[in-house]
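As stored in structure-v1.txt (compact mmCIF, C-alpha atoms and all ligand atoms):
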# COMPACT_ATOMS: atom_id res chain seq x y z
CA MET A 12 103.78 94.16 89.46
CA PRO A 13 102.60 94.27 93.10
CA THR A 14 105.24 96.96 93.82
CA ARG A 15 103.92 99.08 90.97
CA LYS A 16 100.42 98.66 92.39
CA THR A 17 101.63 99.61 95.88
CA ALA A 18 103.38 102.70 94.51
CA ALA A 19 100.19 103.73 92.67
CA GLY A 20 98.19 103.17 95.89
CA GLU A 21 100.65 105.27 97.89
CA ARG A 22 100.45 108.04 95.32
CA ALA A 23 96.65 107.98 95.42
CA LEU A 24 96.75 108.19 99.24
CA VAL A 25 99.15 111.14 99.14
CA THR A 26 96.94 112.91 96.56
CA ARG A 27 93.84 112.23 98.69
CA THR A 28 95.53 113.47 101.86
CA ARG A 29 96.67 116.61 100.11
CA ALA A 30 93.15 117.22 98.77
CA ALA A 31 91.73 116.70 102.30
CA LEU A 32 94.25 119.16 103.80
CA ASP A 33 93.45 121.71 101.08
CA GLY A 34 89.75 121.13 101.73
CA LEU A 35 90.25 121.62 105.46
CA GLU A 36 92.08 124.90 104.82
CA HIS A 37 89.18 126.07 102.63
CA LEU A 38 86.59 124.95 105.18
CA VAL A 39 88.34 126.89 107.94
CA GLY A 40 88.54 129.99 105.71
CA GLY A 41 84.90 129.49 104.76
CA MET A 42 83.96 129.24 108.43
CA GLY A 43 85.51 132.66 108.98
CA THR A 44 83.38 134.28 106.28
CA ALA A 45 80.36 132.21 107.43
CA ALA A 46 80.71 133.70 110.93
CA LEU A 47 80.82 137.20 109.37
CA ALA A 48 77.81 136.25 107.22
CA LEU A 49 75.93 135.24 110.38
CA LEU A 50 76.68 138.66 111.86
CA ALA A 51 75.52 140.39 108.67
CA LEU A 52 72.37 138.24 108.59
CA THR A 53 71.56 139.14 112.20
CA GLY A 54 72.02 142.83 111.36
CA LEU A 55 69.79 142.51 108.30
CA LEU A 56 67.07 140.75 110.31
CA ALA A 57 67.24 143.47 112.97
CA VAL A 58 66.85 146.12 110.23
CA ALA A 59 63.94 144.15 108.71
CA VAL A 60 62.20 144.02 112.10
CA SER A 61 62.72 147.74 112.63
CA CYS A 62 61.29 148.35 109.13
CA LEU A 63 58.13 146.52 110.20
CA ALA A 64 57.97 148.94 113.08
CA GLY A 65 58.26 151.71 110.47
CA VAL A 66 61.64 153.15 111.50
CA GLY A 67 64.35 151.15 109.72
CA LEU A 68 64.07 152.14 106.03
CA ARG A 69 67.01 154.53 106.22
CA LEU A 70 69.20 151.80 107.65
CA ILE A 71 68.70 149.46 104.68
CA PRO A 72 71.51 150.84 102.42
CA THR A 73 73.98 150.79 105.35
CA ALA A 74 73.05 147.20 106.23
CA LEU A 75 73.39 146.21 102.57
CA ARG A 76 76.79 147.89 102.36
CA GLY A 77 77.85 145.82 105.38
CA LEU A 78 76.61 142.73 103.55
CA ARG A 79 78.62 143.79 100.45
CA ALA A 80 81.77 144.05 102.57
CA VAL A 81 81.28 140.49 103.85
CA ALA A 82 80.41 139.19 100.37
CA ASP A 83 83.58 140.86 99.00
CA ARG A 84 85.65 138.95 101.57
CA GLU A 85 84.12 135.73 100.30
CA ARG A 86 84.75 136.83 96.69
CA ALA A 87 88.42 137.46 97.49
CA ARG A 88 88.70 134.10 99.30
CA LEU A 89 87.12 132.16 96.42
CA SER A 90 89.21 134.05 93.84
CA ARG A 91 92.38 132.84 95.58
CA TRP A 92 91.62 129.20 94.68
CA GLY A 93 89.55 129.40 91.54
CA PRO A 94 88.37 131.74 88.81
CA GLU A 95 88.35 135.37 89.84
CA ILE A 96 85.02 136.76 91.09
CA VAL A 97 84.79 140.50 90.58
CA SER A 98 82.87 142.78 92.92
CA PRO A 99 79.76 144.39 91.35
CA ASP A 100 78.92 148.12 91.23
CA PRO A 101 78.63 149.83 94.66
CA VAL A 102 75.33 149.57 96.56
CA PRO A 103 73.08 152.54 95.65
CA GLY A 104 72.38 155.07 98.40
CA ARG A 105 68.54 154.87 98.22
CA TRP A 106 66.87 151.86 99.76
CA ARG A 107 64.55 151.13 96.82
CA ALA A 108 67.42 151.24 94.29
CA ALA A 109 69.63 149.23 96.64
CA LEU A 110 67.05 146.46 97.01
CA ALA A 111 66.43 146.47 93.24
CA GLN A 112 70.10 145.81 92.41
CA PRO A 113 70.34 142.18 91.16
CA ALA A 114 73.74 141.72 92.82
CA VAL A 115 72.24 142.72 96.19
CA ARG A 116 69.44 140.18 95.80
CA ARG A 117 71.90 137.43 95.02
CA GLU A 118 73.99 138.49 98.03
CA LEU A 119 70.88 138.23 100.24
CA ALA A 120 70.33 134.66 99.02
CA TRP A 121 74.01 133.88 99.55
CA VAL A 122 74.17 135.30 103.08
CA SER A 123 71.25 133.16 104.25
CA LEU A 124 72.86 130.01 102.80
CA HIS A 125 76.43 130.72 103.87
CA ALA A 126 75.55 131.83 107.40
CA THR A 127 73.68 128.57 108.01
CA LEU A 128 74.78 125.73 105.73
CA GLY A 129 78.28 127.14 105.20
CA LEU A 130 78.87 127.47 108.94
CA LEU A 131 77.45 124.00 109.58
CA LEU A 132 79.70 122.44 106.93
CA GLY A 133 82.72 124.23 108.39
CA VAL A 134 81.95 122.97 111.90
CA LEU A 135 81.29 119.41 110.66
CA GLY A 136 84.46 119.44 108.56
CA LEU A 137 86.57 120.49 111.55
CA THR A 138 84.87 117.97 113.83
CA LEU A 139 86.14 115.00 111.78
CA PRO A 140 89.93 115.49 112.14
CA PHE A 141 89.46 116.97 115.63
CA SER A 142 87.62 113.81 116.76
CA GLY A 143 90.41 111.73 115.19
CA VAL A 144 93.09 113.58 117.18
CA ARG A 145 90.92 113.43 120.35
CA ASP A 146 90.52 109.63 120.14
CA LEU A 147 94.14 109.07 119.12
CA LEU A 148 95.42 110.91 122.20
CA TYR A 149 92.75 109.54 124.56
CA PRO A 150 95.18 107.22 126.45
CA LEU A 151 97.31 110.29 127.28
CA TYR A 152 94.63 112.28 129.02
CA TRP A 153 91.69 110.07 130.05
CA TRP A 154 92.91 109.89 133.65
CA LEU A 155 92.86 113.68 133.89
CA LEU A 156 89.17 113.85 133.00
CA PRO A 157 86.59 114.08 135.79
CA ALA A 158 84.81 110.73 136.26
CA SER A 159 81.58 112.19 134.88
CA GLU A 160 83.24 113.07 131.55
CA VAL A 161 84.96 109.76 130.80
CA VAL A 162 83.19 108.55 127.68
CA SER A 163 82.21 105.02 128.46
CA ALA A 164 78.67 105.12 127.20
CA GLY A 165 77.98 104.35 123.55
CA LEU A 166 81.23 102.54 122.79
CA GLY A 167 80.22 99.28 124.36
CA TRP A 168 83.22 99.03 126.65
CA ARG A 169 84.65 100.80 129.69
CA THR A 170 87.01 103.63 128.85
CA ASP A 171 87.91 104.58 132.39
CA ASP A 172 90.74 102.08 132.75
CA TRP A 173 94.01 101.66 130.79
CA PRO A 174 93.05 98.77 128.44
CA GLY A 175 89.72 100.47 127.68
CA ALA A 176 91.49 103.80 127.05
CA PHE A 177 93.94 102.18 124.63
CA ALA A 178 91.06 100.56 122.79
CA VAL A 179 89.72 104.06 121.99
CA SER A 180 92.80 105.10 119.93
CA PRO A 181 92.09 102.91 116.85
CA LEU A 182 88.75 104.67 116.48
CA SER A 183 90.74 107.69 115.30
CA LEU A 184 91.47 105.79 112.07
CA GLY A 185 87.76 105.79 111.28
CA TRP A 186 87.56 109.57 111.82
CA PHE A 187 90.60 110.17 109.61
CA VAL A 188 89.17 107.97 106.83
CA LEU A 189 85.88 109.90 107.03
CA ALA A 190 87.87 113.15 106.87
CA LEU A 191 89.80 111.96 103.80
CA VAL A 192 86.62 110.88 102.04
CA PHE A 193 84.29 113.76 102.86
CA ILE A 194 86.31 116.93 103.47
CA PRO A 195 87.18 117.82 99.82
CA GLY A 196 83.50 117.48 98.82
CA MET A 197 82.36 119.47 101.86
CA ALA A 198 84.74 122.30 100.94
CA ARG A 199 83.36 122.36 97.40
CA MET A 200 79.79 122.32 98.72
CA GLN A 201 80.57 125.19 101.10
CA ALA A 202 82.02 127.27 98.25
CA ARG A 203 79.23 126.51 95.76
CA PRO A 204 76.67 129.19 96.84
CA GLY A 205 79.44 131.82 96.71
CA ARG A 206 80.57 130.76 93.25
CA ARG A 207 76.98 130.65 91.95
CA LEU A 208 75.53 133.75 93.61
CA LEU A 209 78.42 136.17 94.14
CA ALA A 210 79.72 136.14 90.57
CA ALA A 211 77.71 138.73 88.66
CA PRO A 212 76.87 136.92 85.40
CA GLY A 213 77.20 140.02 83.18
CA ALA A 214 80.46 141.28 84.67
CA ASP A 215 81.85 137.77 84.64
CA LEU A 216 81.07 137.32 80.99
CA ALA A 217 82.63 140.65 80.03
CA LEU A 218 85.78 139.76 81.99
CA ARG A 219 85.84 136.35 80.35
CA VAL A 220 85.49 137.85 76.86
CA ALA A 221 88.38 140.23 77.59
CA GLN A 222 90.48 137.34 78.91
CA LEU A 223 89.68 135.16 75.90
CA THR A 224 90.48 137.95 73.47
CA ALA A 225 93.85 138.40 75.17
CA THR A 226 94.60 134.67 75.27
CA ARG A 227 93.52 134.23 71.65
CA ALA A 228 95.97 136.97 70.66
CA ALA A 229 98.63 135.25 72.80
CA ALA A 230 97.83 131.92 71.13
CA LEU A 231 98.19 133.42 67.66
CA ASP A 232 101.38 135.13 68.75
CA ALA A 233 102.81 131.91 70.17
CA HIS A 234 101.78 130.10 67.01
CA ALA A 235 103.46 132.70 64.78
CA THR A 236 106.65 132.59 66.90
CA GLU A 237 106.65 128.81 66.71
CA LEU A 238 106.23 128.88 62.92
CA ARG A 239 109.06 131.42 62.63
CA ARG A 240 111.30 129.21 64.75
CA ILE A 241 110.55 126.14 62.62
CA GLU A 242 110.98 128.16 59.42
CA ARG A 243 114.39 129.47 60.65
CA ALA A 244 115.50 125.98 61.68
CA LEU A 245 114.52 124.53 58.29
CA HIS A 246 115.94 127.48 56.36
CA ASP A 247 119.25 127.90 58.15
CA GLY A 248 119.92 124.23 58.84
CA THR A 249 118.26 121.56 56.76
CA GLN A 250 117.81 123.59 53.57
CA ASN A 251 121.50 124.63 53.54
CA ARG A 252 122.63 121.04 53.96
CA ILE A 253 120.40 119.84 51.12
CA VAL A 254 121.71 122.62 48.87
CA ALA A 255 125.21 121.38 49.71
CA VAL A 256 124.21 117.79 48.86
CA ASN A 257 122.88 119.01 45.52
CA VAL A 258 126.03 120.95 44.70
CA LEU A 259 128.29 118.07 45.74
CA LEU A 260 126.30 115.56 43.68
CA GLY A 261 126.51 117.85 40.63
CA ALA A 262 130.28 118.18 41.04
CA ALA A 263 130.64 114.41 41.53
CA ARG A 264 128.66 113.71 38.35
CA ARG A 265 130.91 116.03 36.37
CA ALA A 266 134.05 114.47 37.88
CA VAL A 267 133.03 110.83 37.60
CA ALA A 268 134.34 110.28 34.04
CA ARG A 269 137.61 112.19 34.26
CA ASP A 270 138.59 111.79 37.94
CA PRO A 271 136.82 108.91 39.74
CA ALA A 272 138.89 109.42 42.97
CA THR A 273 137.68 113.04 43.36
CA ALA A 274 134.13 111.96 42.47
CA ASP A 275 134.30 109.36 45.21
CA GLU A 276 135.47 111.96 47.74
CA LEU A 277 132.69 114.35 46.67
CA LEU A 278 130.10 111.58 47.05
CA ASP A 279 131.43 110.91 50.57
CA ARG A 280 130.97 114.58 51.47
CA ALA A 281 127.49 114.58 49.92
CA GLN A 282 126.57 111.59 52.06
CA ASP A 283 127.86 113.34 55.22
CA ALA A 284 125.85 116.45 54.37
CA ALA A 285 122.72 114.34 53.77
CA GLU A 286 123.17 112.66 57.17
CA GLN A 287 123.57 116.04 58.86
CA ALA A 288 120.43 117.30 57.11
CA LEU A 289 118.58 114.25 58.41
CA ALA A 290 119.84 114.82 61.97
CA GLU A 291 118.75 118.47 61.84
CA LEU A 292 115.38 117.53 60.46
CA ARG A 293 114.93 115.10 63.35
CA ALA A 294 115.81 117.86 65.84
CA VAL A 295 113.23 120.18 64.25
CA VAL A 296 110.56 117.47 64.40
CA ARG A 297 111.43 116.79 68.04
CA GLY A 298 111.03 120.50 68.75
CA ILE A 299 107.44 120.40 67.44
CA LEU A 300 106.27 117.56 69.72
CA PRO A 301 108.87 115.65 71.70
CA PRO A 302 108.42 111.94 70.75
CA VAL A 303 109.23 111.00 74.33
CA LEU A 304 105.82 112.44 75.28
CA ASP A 305 104.19 110.18 72.73
CA GLU A 306 105.92 107.07 73.98
CA ARG A 307 106.01 107.75 77.72
CA SER A 308 104.31 109.88 80.37
CA LEU A 309 104.97 113.54 81.16
CA PRO A 310 106.86 112.71 84.42
CA ASP A 311 109.14 110.35 82.44
CA ALA A 312 109.75 112.98 79.78
CA LEU A 313 110.59 115.54 82.49
CA SER A 314 112.95 113.07 84.18
CA GLY A 315 114.82 112.92 80.86
CA LEU A 316 115.14 116.73 80.86
CA ALA A 317 116.32 116.73 84.50
CA ALA A 318 118.94 114.07 83.76
CA ALA A 319 120.33 116.21 80.93
CA CYS A 320 120.47 119.36 83.10
CA PRO A 321 123.99 120.18 84.32
CA VAL A 322 122.55 121.48 87.66
CA PRO A 323 121.39 118.58 89.90
CA CYS A 324 117.64 118.53 89.49
CA ARG A 325 114.92 116.59 91.34
CA ILE A 326 111.54 115.87 89.75
CA ASP A 327 108.56 115.49 92.07
CA ALA A 328 105.58 114.64 89.88
CA GLU A 329 102.11 113.46 90.77
CA VAL A 330 99.88 113.40 87.72
CA PRO A 331 97.06 110.85 88.02
CA GLY A 332 96.22 110.63 84.32
CA ARG A 333 97.27 112.07 80.98
CA CYS A 334 96.51 115.61 79.85
CA PRO A 335 95.83 116.63 76.23
CA ALA A 336 98.97 116.39 74.09
CA SER A 337 99.22 120.16 73.57
CA VAL A 338 99.09 120.76 77.36
CA GLU A 339 101.78 118.16 78.00
CA ALA A 340 103.93 119.65 75.23
CA THR A 341 103.54 123.12 76.78
CA ALA A 342 104.48 121.73 80.21
CA TYR A 343 107.50 120.02 78.64
CA PHE A 344 108.73 123.15 76.83
CA VAL A 345 108.20 125.32 79.92
CA VAL A 346 110.32 122.96 82.04
CA ALA A 347 112.91 122.64 79.24
CA GLU A 348 113.31 126.44 78.96
CA ALA A 349 113.31 126.93 82.76
CA LEU A 350 116.06 124.29 83.17
CA THR A 351 118.08 125.82 80.31
CA ASN A 352 117.81 129.18 82.07
CA ILE A 353 118.91 127.61 85.36
CA ALA A 354 121.95 126.09 83.64
CA LYS A 355 122.75 129.32 81.75
CA HIS A 356 122.08 132.07 84.27
CA SER A 357 121.28 130.95 87.82
CA ARG A 358 124.56 129.61 89.30
CA ALA A 359 122.28 127.40 91.38
CA ARG A 360 123.44 124.35 93.30
CA ARG A 361 120.18 122.50 92.83
CA ALA A 362 116.80 122.74 91.20
CA VAL A 363 113.43 121.15 91.94
CA VAL A 364 110.62 120.63 89.44
CA THR A 365 107.23 119.94 91.03
CA VAL A 366 104.28 118.82 88.90
CA ARG A 367 100.82 118.29 90.33
CA GLY A 368 97.68 117.26 88.50
CA THR A 369 94.91 118.43 90.79
CA GLY A 370 91.26 118.75 89.85
CA ASP A 371 91.18 120.16 86.38
CA ARG A 372 94.57 121.87 86.41
CA LEU A 373 98.17 120.91 85.84
CA ARG A 374 100.49 122.95 88.07
CA LEU A 375 104.22 123.19 87.45
CA SER A 376 106.78 124.82 89.68
CA ILE A 377 110.45 125.07 88.75
CA ALA A 378 112.60 126.40 91.57
CA ASP A 379 116.35 126.94 91.93
CA ASP A 380 118.54 128.22 94.77
CA GLY A 381 120.59 130.48 92.50
CA ARG A 382 121.27 134.21 92.36
CA GLY A 383 117.80 135.34 91.20
CA GLY A 384 117.18 138.57 89.32
CA ALA A 385 115.38 136.94 86.38
CA ALA A 386 113.28 139.36 84.36
CA GLU A 387 110.88 138.73 81.55
CA ASP A 388 112.29 141.58 79.47
CA GLY A 389 115.82 140.11 79.62
CA GLY A 390 115.31 137.74 76.67
CA SER A 391 112.67 135.81 74.81
CA GLY A 392 112.52 132.60 76.88
CA LEU A 393 110.47 133.74 79.90
CA GLY A 394 108.13 135.81 77.74
CA GLY A 395 107.67 132.76 75.49
CA MET A 396 106.74 130.66 78.56
CA ARG A 397 104.08 133.21 79.54
CA ARG A 398 102.68 133.29 76.02
CA ARG A 399 102.59 129.50 75.82
CA ALA A 400 100.77 129.28 79.19
CA GLU A 401 98.32 132.07 78.38
CA ALA A 402 97.60 130.59 74.97
CA HIS A 403 96.18 127.62 76.91
CA ASP A 404 94.18 129.92 79.19
CA GLY A 405 96.73 129.18 81.91
CA THR A 406 98.78 131.42 84.21
CA PHE A 407 102.49 132.17 84.57
CA GLU A 408 104.18 133.61 87.68
CA LEU A 409 107.84 134.45 88.10
CA THR A 410 109.37 135.19 91.51
CA SER A 411 113.05 136.02 91.39
CA PRO A 412 114.28 138.64 93.86
CA PRO A 413 117.96 139.67 93.51
CA GLY A 414 119.97 137.12 95.50
CA GLY A 415 117.45 134.39 94.71
CA PRO A 416 115.78 132.01 94.86
CA THR A 417 113.95 131.86 91.53
CA THR A 418 110.61 130.13 91.13
CA VAL A 419 108.52 129.83 87.99
CA ILE A 420 104.94 128.65 88.53
CA VAL A 421 102.74 127.73 85.60
CA SER A 422 99.19 126.49 85.90
CA LEU A 423 97.40 125.00 82.89
CA PRO A 424 93.78 123.87 82.59
CA CYS A 425 93.76 120.23 81.51
CA GLY A 426 90.60 118.44 82.66
CA LEU A 427 92.26 115.55 84.54
N1 LIG B 501 116.84 130.81 86.84
C1 LIG B 501 117.39 132.03 86.65
N2 LIG B 501 118.23 132.55 87.58
C2 LIG B 501 118.79 133.77 87.40
N3 LIG B 501 118.53 134.57 86.33
C3 LIG B 501 117.72 134.12 85.38
C4 LIG B 501 117.09 132.84 85.48
N4 LIG B 501 116.30 132.67 84.40
C5 LIG B 501 116.43 133.77 83.65
N5 LIG B 501 117.27 134.65 84.23
C6 LIG B 501 117.62 136.02 83.75
O1 LIG B 501 116.48 136.51 83.07
C7 LIG B 501 116.84 136.86 81.74
C8 LIG B 501 115.70 136.50 80.83
O2 LIG B 501 115.62 135.10 80.61
P1 LIG B 501 115.07 134.55 79.22
O3 LIG B 501 114.96 133.08 79.29
O4 LIG B 501 113.83 135.33 78.90
O5 LIG B 501 116.20 134.96 78.19
P2 LIG B 501 117.60 134.30 77.86
O6 LIG B 501 117.70 132.96 78.54
O7 LIG B 501 118.68 135.28 78.19
O8 LIG B 501 117.54 134.11 76.30
P3 LIG B 501 116.64 133.09 75.45
O9 LIG B 501 115.77 134.00 74.65
O10 LIG B 501 117.59 132.29 74.67
O11 LIG B 501 115.86 132.26 76.42
C9 LIG B 501 118.14 136.13 81.44
O12 LIG B 501 118.92 136.86 80.56
C10 LIG B 501 118.79 136.02 82.79
O13 LIG B 501 119.58 137.14 83.08
MG MG B 502 116.18 131.53 78.33
The structure in this file should be written as structure tokens.
Ligand SMILES: Nc1ncnc2c1ncn2[C@@H]1O[C@H](COP(=O)(O)OP(=O)(O)OP(=O)(O)O)[C@@H](O)[C@H]1O
Ligand SMILES: [Mg+2]
Amino acid sequence: MPTRKTAAGERALVTRTRAALDGLEHLVGGMGTAALALLALTGLLAVAVSCLAGVGLRLIPTALRGLRAVADRERARLSRWGPEIVSPDPVPGRWRAALAQPAVRRELAWVSLHATLGLLLGVLGLTLPFSGVRDLLYPLYWWLLPASEVVSAGLGWRTDDWPGAFAVSPLSLGWFVLALVFIPGMARMQARPGRRLLAAPGADLALRVAQLTATRAAALDAHATELRRIERALHDGTQNRIVAVNVLLGAARRAVARDPATADELLDRAQDAAEQALAELRAVVRGILPPVLDERSLPDALSGLAAACPVPCRIDAEVPGRCPASVEATAYFVVAEALTNIAKHSRARRAVVTVRGTGDRLRLSIADDGRGGAAEDGGSGLGGMRRRAEAHDGTFELTSPPGGPTTVIVSLPCGL
């Protein structure tokens, strides 16, 4: 029991560290756009001052176009790690019309927040791990510092001798813990004004409606394909076997009086056919929702698939909780089809399946070191994976240059 607890603790720490590193990456990116926002804000203030002097009105559209360029950079950055934010219509050429554009007004609110709070959050976020590294390495460099810069004040002990310098290193732990705890939230806070103010509500809604119409069609399509598959499996397999049972039982009944030996043999065959029908029925049922998902977790179910794959396959799964059954079933079928493809087509030496449950998404990546060249129009499997993912409002990406390697990445919303 304690080992299971330790393993869960380790997994939570790894997930937390990964979230903090992701957050740090976002904070650094956000700091870049915040610095640009500060420049744009300074330009806008200069134009505003010149307007007060009565000479800057003509400069307003140009300054606002500069602001749009900076806001578009932030839109592109935020779109890379969340829902896409589309750029609004271009800034009108006349200053009155430009200032009246709702998107411009929201950008003005955003630039004042991002250039100040966004920059501050970026600097604070970087300070935490930087201070950790500084304290950790203090014993290596304290003796190089000029006497006036040796930090002895505030810590309560001397840091300008060896024991004192070594006593500084453990402080780094505190900084790293603070970084782990606060950085993901700081990254979200830094991105919030951009997500709220840079996404034009109307355009966003129209895009969303188009996306939902497409995914609804994909869902219906996937549903129809699934029904066809089940219908074929029942028609070609189970139904045929039961017809055979019926015929054999009829023949046995006719033979029972005149030739009991033949009747016995026919009954044997009927029993075999009934058992086969049962086995096929079980396979069909398993194809609808694998029972292993019902009994065990998604990582366990995927380990079962990996064990059955003829190409050596490693599963690296970190999923903190359970996703809705339909999402887990989609993840299972995607991995099952990807591994079947690897076994059938890739000539790979090994494959790796990575599953991560982060935030509200389940991300799957199935990679092999085979010959590549996979194409969606080559069969029905890859296209089926895309339809399954899109039916859940998820995404599907295939990278498979000739010569390999091949990677399939599927991301599904799941509200973990
Ligand atoms: N991992 C892979 N490595 C190399 N080629 C691949 C890989 N996966 C798929 N392919 C190529 O892409 C094509 C399309 O794959 P897809 O799964 O859509 O069809 P399929 O496996 O041929 O048939 P099915 O409809 O039974 O799945 C395959 O025919 C194969 O040539
Ligand atoms: Mg296939």
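Proximity to Arg145 (chain A) was assessed for A:Ala109, A:Met396, A:Leu182, A:Leu124 counting all atoms listed in the file; the smallest distance is recorded for A:Leu182.
CA of Val330 (chain A) lies 11.1 Å from CA of Asp371 (chain A).
In this comparison, which uses all atoms listed in the file, the residue of A:Leu375, A:Ile420, A:Ala362, A:Leu393 approaching ligand LIG 501 (chain B) most closely is A:Leu393.
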Using all atoms listed in the file, I'd like a table of the residues in chain A that come within 9 Å of ligand LIG 501 (chain B); for each, show the closest atom pair and its distance in Å rounded to one decimal, ordered by chain and ascending number, as JSON lines.
{"residue": "A:Glu348", "atom": "CA", "partner": "B:LIG501", "partner_atom": "O11", "distance": 6.8}
{"residue": "A:Ala349", "atom": "CA", "partner": "B:LIG501", "partner_atom": "N1", "distance": 6.6}
{"residue": "A:Leu350", "atom": "CA", "partner": "B:LIG501", "partner_atom": "N1", "distance": 7.5}
{"residue": "A:Thr351", "atom": "CA", "partner": "B:LIG501", "partner_atom": "O6", "distance": 7.4}
{"residue": "A:Asn352", "atom": "CA", "partner": "B:LIG501", "partner_atom": "N4", "distance": 4.5}
{"residue": "A:Ile353", "atom": "CA", "partner": "B:LIG501", "partner_atom": "N1", "distance": 4.1}
{"residue": "A:Ala354", "atom": "CA", "partner": "B:LIG501", "partner_atom": "N1", "distance": 7.7}
{"residue": "A:Lys355", "atom": "CA", "partner": "B:LIG501", "partner_atom": "O6", "distance": 7.0}
{"residue": "A:His356", "atom": "CA", "partner": "B:LIG501", "partner_atom": "N3", "distance": 4.8}
{"residue": "A:Ser357", "atom": "CA", "partner": "B:LIG501", "partner_atom": "N2", "distance": 3.5}
{"residue": "A:Arg358", "atom": "CA", "partner": "B:LIG501", "partner_atom": "N2", "distance": 7.2}
{"residue": "A:Ala359", "atom": "CA", "partner": "B:LIG501", "partner_atom": "N2", "distance": 7.6}
{"residue": "A:Ile377", "atom": "CA", "partner": "B:LIG501", "partner_atom": "N1", "distance": 8.8}
{"residue": "A:Ala378", "atom": "CA", "partner": "B:LIG501", "partner_atom": "N1", "distance": 7.7}
{"residue": "A:Asp379", "atom": "CA", "partner": "B:LIG501", "partner_atom": "N1", "distance": 6.4}
{"residue": "A:Asp380", "atom": "CA", "partner": "B:LIG501", "partner_atom": "N2", "distance": 8.4}
{"residue": "A:Gly381", "atom": "CA", "partner": "B:LIG501", "partner_atom": "N2", "distance": 5.8}
{"residue": "A:Arg382", "atom": "CA", "partner": "B:LIG501", "partner_atom": "C2", "distance": 5.6}
{"residue": "A:Gly383", "atom": "CA", "partner": "B:LIG501", "partner_atom": "C2", "distance": 4.2}
{"residue": "A:Gly384", "atom": "CA", "partner": "B:LIG501", "partner_atom": "N3", "distance": 5.2}
{"residue": "A:Ala385", "atom": "CA", "partner": "B:LIG501", "partner_atom": "O1", "distance": 3.5}
{"residue": "A:Ala386", "atom": "CA", "partner": "B:LIG501", "partner_atom": "O1", "distance": 4.5}
{"residue": "A:Glu387", "atom": "CA", "partner": "B:LIG501", "partner_atom": "O4", "distance": 5.2}
{"residue": "A:Asp388", "atom": "CA", "partner": "B:LIG501", "partner_atom": "C8", "distance": 6.3}
{"residue": "A:Gly389", "atom": "CA", "partner": "B:LIG501", "partner_atom": "C8", "distance": 3.8}
{"residue": "A:Gly390", "atom": "CA", "partner": "B:LIG501", "partner_atom": "O5", "distance": 3.3}
{"residue": "A:Ser391", "atom": "CA", "partner": "B:LIG501", "partner_atom": "O9", "distance": 3.6}
{"residue": "A:Gly392", "atom": "CA", "partner": "B:LIG501", "partner_atom": "O11", "distance": 3.4}
{"residue": "A:Leu393", "atom": "CA", "partner": "B:LIG501", "partner_atom": "O4", "distance": 3.8}
{"residue": "A:Gly394", "atom": "CA", "partner": "B:LIG501", "partner_atom": "O4", "distance": 5.8}
{"residue": "A:Gly395", "atom": "CA", "partner": "B:LIG501", "partner_atom": "O4", "distance": 7.5}
{"residue": "A:Met396", "atom": "CA", "partner": "B:LIG501", "partner_atom": "O4", "distance": 8.5}
{"residue": "A:Ser411", "atom": "CA", "partner": "B:LIG501", "partner_atom": "N2", "distance": 7.3}
{"residue": "A:Pro413", "atom": "CA", "partner": "B:LIG501", "partner_atom": "C2", "distance": 8.5}
{"residue": "A:Gly414", "atom": "CA", "partner": "B:LIG501", "partner_atom": "C2", "distance": 8.8}
{"residue": "A:Gly415", "atom": "CA", "partner": "B:LIG501", "partner_atom": "N2", "distance": 7.4}
{"residue": "A:Pro416", "atom": "CA", "partner": "B:LIG501", "partner_atom": "N2", "distance": 7.7}
{"residue": "A:Thr417", "atom": "CA", "partner": "B:LIG501", "partner_atom": "N1", "distance": 5.6}
{"residue": "A:Thr418", "atom": "CA", "partner": "B:LIG501", "partner_atom": "N1", "distance": 7.6}
{"residue": "A:Val419", "atom": "CA", "partner": "B:LIG501", "partner_atom": "N1", "distance": 8.5}
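Take CA of Pro150 (chain A) and CA of Ala176 (chain A): the distance between them is 5.1 Å.
Across A:Asp100, A:Pro181, A:Met42, A:Arg116, the tightest approach to Leu132 (chain A) is made by A:Met42 when counting only C-alpha atoms.
Nearest to Ser142 (chain A) of all the residues A:Leu110, A:Val346, A:Leu184, A:Leu156 is A:Leu184, counting all atoms listed in the file.
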Legend entry - Nearest to Ser180 (chain A), chosen from A:Leu278, A:Val144, A:Ile96, A:Val267, with all atoms listed in the file counted in the distances: A:Val144
Sorted by chain and rising residue number, which residues of region 159-262 of chain A lie within 10 Å of region 77-86 of chain A, and what are their closest atom pairs and distances in Å to one decimal, counting all atoms listed in the file, as JSON lines?
{"residue": "A:Ala202", "atom": "CA", "partner": "A:Glu85", "partner_atom": "CA", "distance": 9.0}
{"residue": "A:Gly205", "atom": "CA", "partner": "A:Glu85", "partner_atom": "CA", "distance": 7.1}
{"residue": "A:Arg206", "atom": "CA", "partner": "A:Arg86", "partner_atom": "CA", "distance": 8.1}
{"residue": "A:Leu208", "atom": "CA", "partner": "A:Ala82", "partner_atom": "CA", "distance": 10.0}
{"residue": "A:Leu209", "atom": "CA", "partner": "A:Arg86", "partner_atom": "CA", "distance": 6.9}
{"residue": "A:Ala210", "atom": "CA", "partner": "A:Arg86", "partner_atom": "CA", "distance": 8.0}
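Comparing A:Arg169, A:Phe187, A:Arg372, A:Ala347 by their smallest distance to ligand MG 502 (chain B), the closest is A:Ala347 (using all atoms listed in the file).
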Starting from 8 Å padding per side, set up an axis-aligned box that covers all listed atoms of region 125-131 of chain A and hand over centre and edge lengths in Å, one decimal, as AutoDock Vina command-line options.
--center_x 76.3 --center_y 127.9 --center_z 106.7 --size_x 21.2 --size_y 23.8 --size_z 21.7
